[in-house]
Amino acid sequence: AQGVQAFREGDASTAANVWRRLYRTGADGLDPAALAFDLGNAAFRLNRPLEAALWFEQSVRHAPRDADAWANLELAREKAGLA
């Protein structure tokens with residue numbers, strides 16, 4: 001909840017720090033695909049498209065049928081200049 005609130009308030013850096021900690025610790029009950037997706041969005045908002053692509057890649061590894069994660073991955077790859 002703290003990460004979502006920070007992100008909604010425009011503080012993507014704080015949100016990313018919260019979500020990164022939760023992702024690393026594997027917090028019970030939290031979906032790793034959703035956390036990776038949120039981390040990708042935060043990185044993209046912070047104008048770090050390569051990092052965003054890496055997080056979206058993690059998201060699709062956890063949830064390969066997530067169309068939004070695939071779309072965001074392609075957008076981040078394009079912005080990062082990747083094929």
# chains A, B, ... in the order shown; residues from 1 in each chain; ligands from 1
>>> select_by_dssp(residues="chain A", states="alpha helix (DSSP H)", output="CSV table (one decimal) with N, CA, C and O atoms, in the first residue's frame")
chain,number,residue,atom,x,y,z
A,2,GLN,N,2.0,1.2,0.7
A,2,GLN,CA,2.9,2.4,0.8
A,2,GLN,C,3.5,2.7,-0.6
A,2,GLN,O,3.5,3.9,-1.0
A,3,GLY,N,3.8,1.7,-1.3
A,3,GLY,CA,4.4,1.9,-2.7
A,3,GLY,C,3.4,2.5,-3.6
A,3,GLY,O,3.7,3.4,-4.4
A,4,VAL,N,2.2,1.9,-3.6
A,4,VAL,CA,1.1,2.4,-4.4
A,4,VAL,C,0.8,3.9,-4.1
A,4,VAL,O,0.6,4.7,-5.1
A,5,GLN,N,0.7,4.2,-2.9
A,5,GLN,CA,0.4,5.6,-2.5
A,5,GLN,C,1.5,6.5,-3.0
A,5,GLN,O,1.2,7.6,-3.6
A,6,ALA,N,2.8,6.1,-2.8
A,6,ALA,CA,3.9,7.0,-3.3
A,6,ALA,C,3.8,7.1,-4.8
A,6,ALA,O,4.0,8.3,-5.3
A,7,PHE,N,3.6,6.1,-5.5
A,7,PHE,CA,3.5,6.1,-7.0
A,7,PHE,C,2.4,7.1,-7.4
A,7,PHE,O,2.6,7.9,-8.3
A,8,ARG,N,1.2,7.0,-6.8
A,8,ARG,CA,0.1,7.8,-7.1
A,8,ARG,C,0.4,9.3,-6.8
A,8,ARG,O,-0.2,10.2,-7.5
A,12,ALA,N,7.9,8.1,-7.7
A,12,ALA,CA,8.2,6.8,-8.3
A,12,ALA,C,9.4,6.2,-7.6
A,12,ALA,O,9.6,5.0,-7.5
A,13,SER,N,10.3,7.0,-7.1
A,13,SER,CA,11.6,6.6,-6.5
A,13,SER,C,11.3,5.9,-5.2
A,13,SER,O,11.8,4.8,-4.9
A,14,THR,N,10.4,6.5,-4.4
A,14,THR,CA,10.0,5.8,-3.1
A,14,THR,C,9.3,4.6,-3.3
A,14,THR,O,9.5,3.5,-2.7
A,15,ALA,N,8.3,4.6,-4.3
A,15,ALA,CA,7.6,3.4,-4.6
A,15,ALA,C,8.5,2.3,-5.1
A,15,ALA,O,8.3,1.2,-4.6
A,16,ALA,N,9.5,2.6,-5.9
A,16,ALA,CA,10.4,1.6,-6.4
A,16,ALA,C,11.2,1.0,-5.2
A,16,ALA,O,11.4,-0.2,-5.2
A,17,ASN,N,11.6,1.8,-4.3
A,17,ASN,CA,12.3,1.3,-3.1
A,17,ASN,C,11.5,0.3,-2.3
A,17,ASN,O,12.0,-0.7,-1.9
A,18,VAL,N,10.2,0.7,-2.1
A,18,VAL,CA,9.3,-0.2,-1.3
A,18,VAL,C,9.1,-1.5,-2.1
A,18,VAL,O,9.3,-2.6,-1.5
A,19,TRP,N,8.8,-1.4,-3.4
A,19,TRP,CA,8.5,-2.6,-4.1
A,19,TRP,C,9.7,-3.5,-4.3
A,19,TRP,O,9.7,-4.7,-4.3
A,20,ARG,N,10.9,-2.9,-4.5
A,20,ARG,CA,12.1,-3.6,-4.6
A,20,ARG,C,12.4,-4.5,-3.4
A,20,ARG,O,12.8,-5.6,-3.4
A,21,ARG,N,12.2,-3.9,-2.2
A,21,ARG,CA,12.4,-4.6,-0.9
A,21,ARG,C,11.4,-5.7,-0.8
A,21,ARG,O,11.8,-6.8,-0.4
A,22,LEU,N,10.2,-5.5,-1.2
A,22,LEU,CA,9.2,-6.6,-1.1
A,22,LEU,C,9.5,-7.7,-2.1
A,22,LEU,O,9.4,-8.9,-1.8
A,23,TYR,N,10.0,-7.3,-3.3
A,23,TYR,CA,10.3,-8.3,-4.3
A,23,TYR,C,11.5,-9.2,-3.9
A,23,TYR,O,11.5,-10.4,-4.0
A,24,ARG,N,12.5,-8.5,-3.3
A,24,ARG,CA,13.7,-9.3,-2.8
A,24,ARG,C,13.4,-10.2,-1.7
A,24,ARG,O,13.9,-11.3,-1.6
A,25,THR,N,12.5,-9.8,-0.8
A,25,THR,CA,12.2,-10.6,0.4
A,25,THR,C,11.1,-11.7,0.1
A,25,THR,O,10.9,-12.6,0.9
A,32,PRO,N,4.7,-11.8,-7.2
A,32,PRO,CA,5.9,-11.3,-7.8
A,32,PRO,C,5.8,-10.7,-9.2
A,32,PRO,O,6.5,-9.8,-9.5
A,33,ALA,N,4.8,-11.3,-10.0
A,33,ALA,CA,4.6,-10.7,-11.3
A,33,ALA,C,4.1,-9.3,-11.2
A,33,ALA,O,4.5,-8.4,-11.9
A,34,ALA,N,3.2,-9.0,-10.3
A,34,ALA,CA,2.6,-7.7,-10.1
A,34,ALA,C,3.7,-6.7,-9.5
A,34,ALA,O,3.8,-5.6,-9.9
A,35,LEU,N,4.5,-7.2,-8.6
A,35,LEU,CA,5.6,-6.4,-8.1
A,35,LEU,C,6.6,-6.0,-9.2
A,35,LEU,O,7.0,-4.8,-9.3
A,36,ALA,N,7.0,-7.0,-10.0
A,36,ALA,CA,7.9,-6.7,-11.1
A,36,ALA,C,7.3,-5.7,-12.1
A,36,ALA,O,8.0,-4.8,-12.6
A,37,PHE,N,6.0,-5.9,-12.3
A,37,PHE,CA,5.3,-5.0,-13.2
A,37,PHE,C,5.3,-3.5,-12.7
A,37,PHE,O,5.6,-2.6,-13.4
A,38,ASP,N,5.0,-3.4,-11.4
A,38,ASP,CA,5.0,-2.1,-10.8
A,38,ASP,C,6.4,-1.5,-10.8
A,38,ASP,O,6.6,-0.3,-11.0
A,39,LEU,N,7.4,-2.3,-10.6
A,39,LEU,CA,8.8,-1.8,-10.6
A,39,LEU,C,9.2,-1.4,-12.0
A,39,LEU,O,9.9,-0.4,-12.2
A,40,GLY,N,8.7,-2.1,-13.0
A,40,GLY,CA,8.9,-1.6,-14.4
A,40,GLY,C,8.2,-0.3,-14.7
A,40,GLY,O,8.8,0.6,-15.3
A,41,ASN,N,7.0,-0.1,-14.2
A,41,ASN,CA,6.3,1.2,-14.3
A,41,ASN,C,7.1,2.3,-13.6
A,41,ASN,O,7.2,3.4,-14.2
A,42,ALA,N,7.6,2.0,-12.4
A,42,ALA,CA,8.3,3.1,-11.7
A,42,ALA,C,9.6,3.4,-12.5
A,42,ALA,O,9.9,4.6,-12.6
A,43,ALA,N,10.3,2.4,-12.9
A,43,ALA,CA,11.6,2.7,-13.7
A,43,ALA,C,11.3,3.5,-14.9
A,43,ALA,O,12.0,4.4,-15.3
A,44,PHE,N,10.2,3.1,-15.6
A,44,PHE,CA,9.8,3.9,-16.8
A,44,PHE,C,9.5,5.3,-16.5
A,44,PHE,O,10.0,6.2,-17.2
A,45,ARG,N,8.8,5.5,-15.5
A,45,ARG,CA,8.4,6.9,-15.1
A,45,ARG,C,9.7,7.7,-14.7
A,45,ARG,O,9.8,8.9,-14.9
A,49,PRO,N,14.5,3.4,-19.1
A,49,PRO,CA,13.8,2.4,-19.9
A,49,PRO,C,14.5,1.0,-19.9
A,49,PRO,O,13.8,0.0,-20.0
A,50,LEU,N,15.8,0.9,-19.8
A,50,LEU,CA,16.5,-0.3,-19.8
A,50,LEU,C,16.1,-1.1,-18.5
A,50,LEU,O,15.8,-2.3,-18.6
A,51,GLU,N,16.1,-0.4,-17.4
A,51,GLU,CA,15.7,-1.0,-16.1
A,51,GLU,C,14.3,-1.5,-16.2
A,51,GLU,O,13.9,-2.5,-15.7
A,52,ALA,N,13.4,-0.6,-16.8
A,52,ALA,CA,12.0,-0.9,-16.9
A,52,ALA,C,11.9,-2.2,-17.7
A,52,ALA,O,11.1,-3.1,-17.4
A,53,ALA,N,12.6,-2.3,-18.8
A,53,ALA,CA,12.5,-3.5,-19.6
A,53,ALA,C,12.9,-4.8,-18.8
A,53,ALA,O,12.3,-5.8,-19.0
A,54,LEU,N,13.9,-4.7,-18.0
A,54,LEU,CA,14.3,-5.8,-17.2
A,54,LEU,C,13.2,-6.2,-16.2
A,54,LEU,O,13.0,-7.4,-16.0
A,55,TRP,N,12.6,-5.2,-15.6
A,55,TRP,CA,11.5,-5.6,-14.7
A,55,TRP,C,10.3,-6.1,-15.4
A,55,TRP,O,9.7,-7.1,-14.9
A,56,PHE,N,9.9,-5.6,-16.6
A,56,PHE,CA,8.8,-6.1,-17.3
A,56,PHE,C,9.1,-7.6,-17.8
A,56,PHE,O,8.3,-8.4,-17.8
A,57,GLU,N,10.4,-7.8,-18.1
A,57,GLU,CA,10.8,-9.2,-18.5
A,57,GLU,C,10.6,-10.1,-17.3
A,57,GLU,O,10.1,-11.3,-17.5
A,58,GLN,N,10.9,-9.7,-16.1
A,58,GLN,CA,10.7,-10.5,-14.9
A,58,GLN,C,9.2,-10.8,-14.7
A,58,GLN,O,8.8,-11.8,-14.4
A,59,SER,N,8.4,-9.7,-15.0
A,59,SER,CA,6.9,-9.9,-14.8
A,59,SER,C,6.4,-10.9,-15.8
A,59,SER,O,5.6,-11.8,-15.4
A,60,VAL,N,6.8,-10.9,-17.1
A,60,VAL,CA,6.3,-11.9,-18.0
A,60,VAL,C,6.9,-13.3,-17.7
A,60,VAL,O,6.2,-14.3,-18.1
A,61,ARG,N,8.0,-13.4,-17.1
A,61,ARG,CA,8.5,-14.7,-16.7
A,61,ARG,C,7.6,-15.3,-15.6
A,61,ARG,O,7.3,-16.5,-15.6
A,62,HIS,N,7.1,-14.4,-14.7
A,62,HIS,CA,6.2,-14.9,-13.7
A,62,HIS,C,4.8,-15.1,-14.2
A,62,HIS,O,4.0,-16.0,-13.7
A,67,ALA,N,-0.9,-9.7,-20.9
A,67,ALA,CA,-0.8,-8.9,-22.1
A,67,ALA,C,-0.3,-7.5,-21.8
A,67,ALA,O,0.5,-7.0,-22.6
A,68,ASP,N,-0.6,-7.0,-20.7
A,68,ASP,CA,-0.2,-5.6,-20.3
A,68,ASP,C,1.3,-5.6,-20.1
A,68,ASP,O,2.1,-4.7,-20.4
A,69,ALA,N,1.8,-6.7,-19.4
A,69,ALA,CA,3.3,-6.8,-19.2
A,69,ALA,C,4.0,-6.9,-20.5
A,69,ALA,O,5.1,-6.3,-20.6
A,70,TRP,N,3.5,-7.7,-21.4
A,70,TRP,CA,4.2,-7.8,-22.7
A,70,TRP,C,4.2,-6.5,-23.5
A,70,TRP,O,5.2,-6.1,-24.1
A,71,ALA,N,3.1,-5.8,-23.4
A,71,ALA,CA,3.0,-4.5,-24.1
A,71,ALA,C,4.0,-3.5,-23.5
A,71,ALA,O,4.7,-2.8,-24.2
A,72,ASN,N,4.0,-3.5,-22.2
A,72,ASN,CA,4.9,-2.5,-21.5
A,72,ASN,C,6.4,-2.9,-21.8
A,72,ASN,O,7.3,-2.1,-21.9
A,73,LEU,N,6.7,-4.2,-21.8
A,73,LEU,CA,8.0,-4.7,-22.2
A,73,LEU,C,8.4,-4.2,-23.5
A,73,LEU,O,9.5,-3.7,-23.7
A,74,GLU,N,7.6,-4.3,-24.5
A,74,GLU,CA,7.9,-3.9,-25.9
A,74,GLU,C,8.1,-2.4,-25.9
A,74,GLU,O,9.0,-1.9,-26.6
A,75,LEU,N,7.3,-1.6,-25.2
A,75,LEU,CA,7.4,-0.2,-25.1
A,75,LEU,C,8.7,0.2,-24.5
A,75,LEU,O,9.5,1.1,-25.0
A,76,ALA,N,9.1,-0.4,-23.4
A,76,ALA,CA,10.3,-0.1,-22.7
A,76,ALA,C,11.5,-0.5,-23.6
A,76,ALA,O,12.5,0.3,-23.7
A,77,ARG,N,11.5,-1.6,-24.3
A,77,ARG,CA,12.5,-2.1,-25.2
A,77,ARG,C,12.7,-1.0,-26.3
A,77,ARG,O,13.8,-0.7,-26.6
A,78,GLU,N,11.6,-0.6,-26.8
A,78,GLU,CA,11.7,0.4,-27.9
A,78,GLU,C,12.3,1.7,-27.4
A,78,GLU,O,13.2,2.2,-28.1
A,79,LYS,N,11.9,2.2,-26.3
A,79,LYS,CA,12.5,3.4,-25.7
A,79,LYS,C,13.9,3.3,-25.4
A,79,LYS,O,14.7,4.2,-25.5
A,80,ALA,N,14.3,2.1,-25.0
A,80,ALA,CA,15.7,1.8,-24.6
A,80,ALA,C,16.6,1.6,-25.8
A,80,ALA,O,17.8,1.5,-25.7
>>> atom_distance(atom1="CA of Ala1 in chain A", atom2="CA of Asp28 in chain A")
14.4 Å
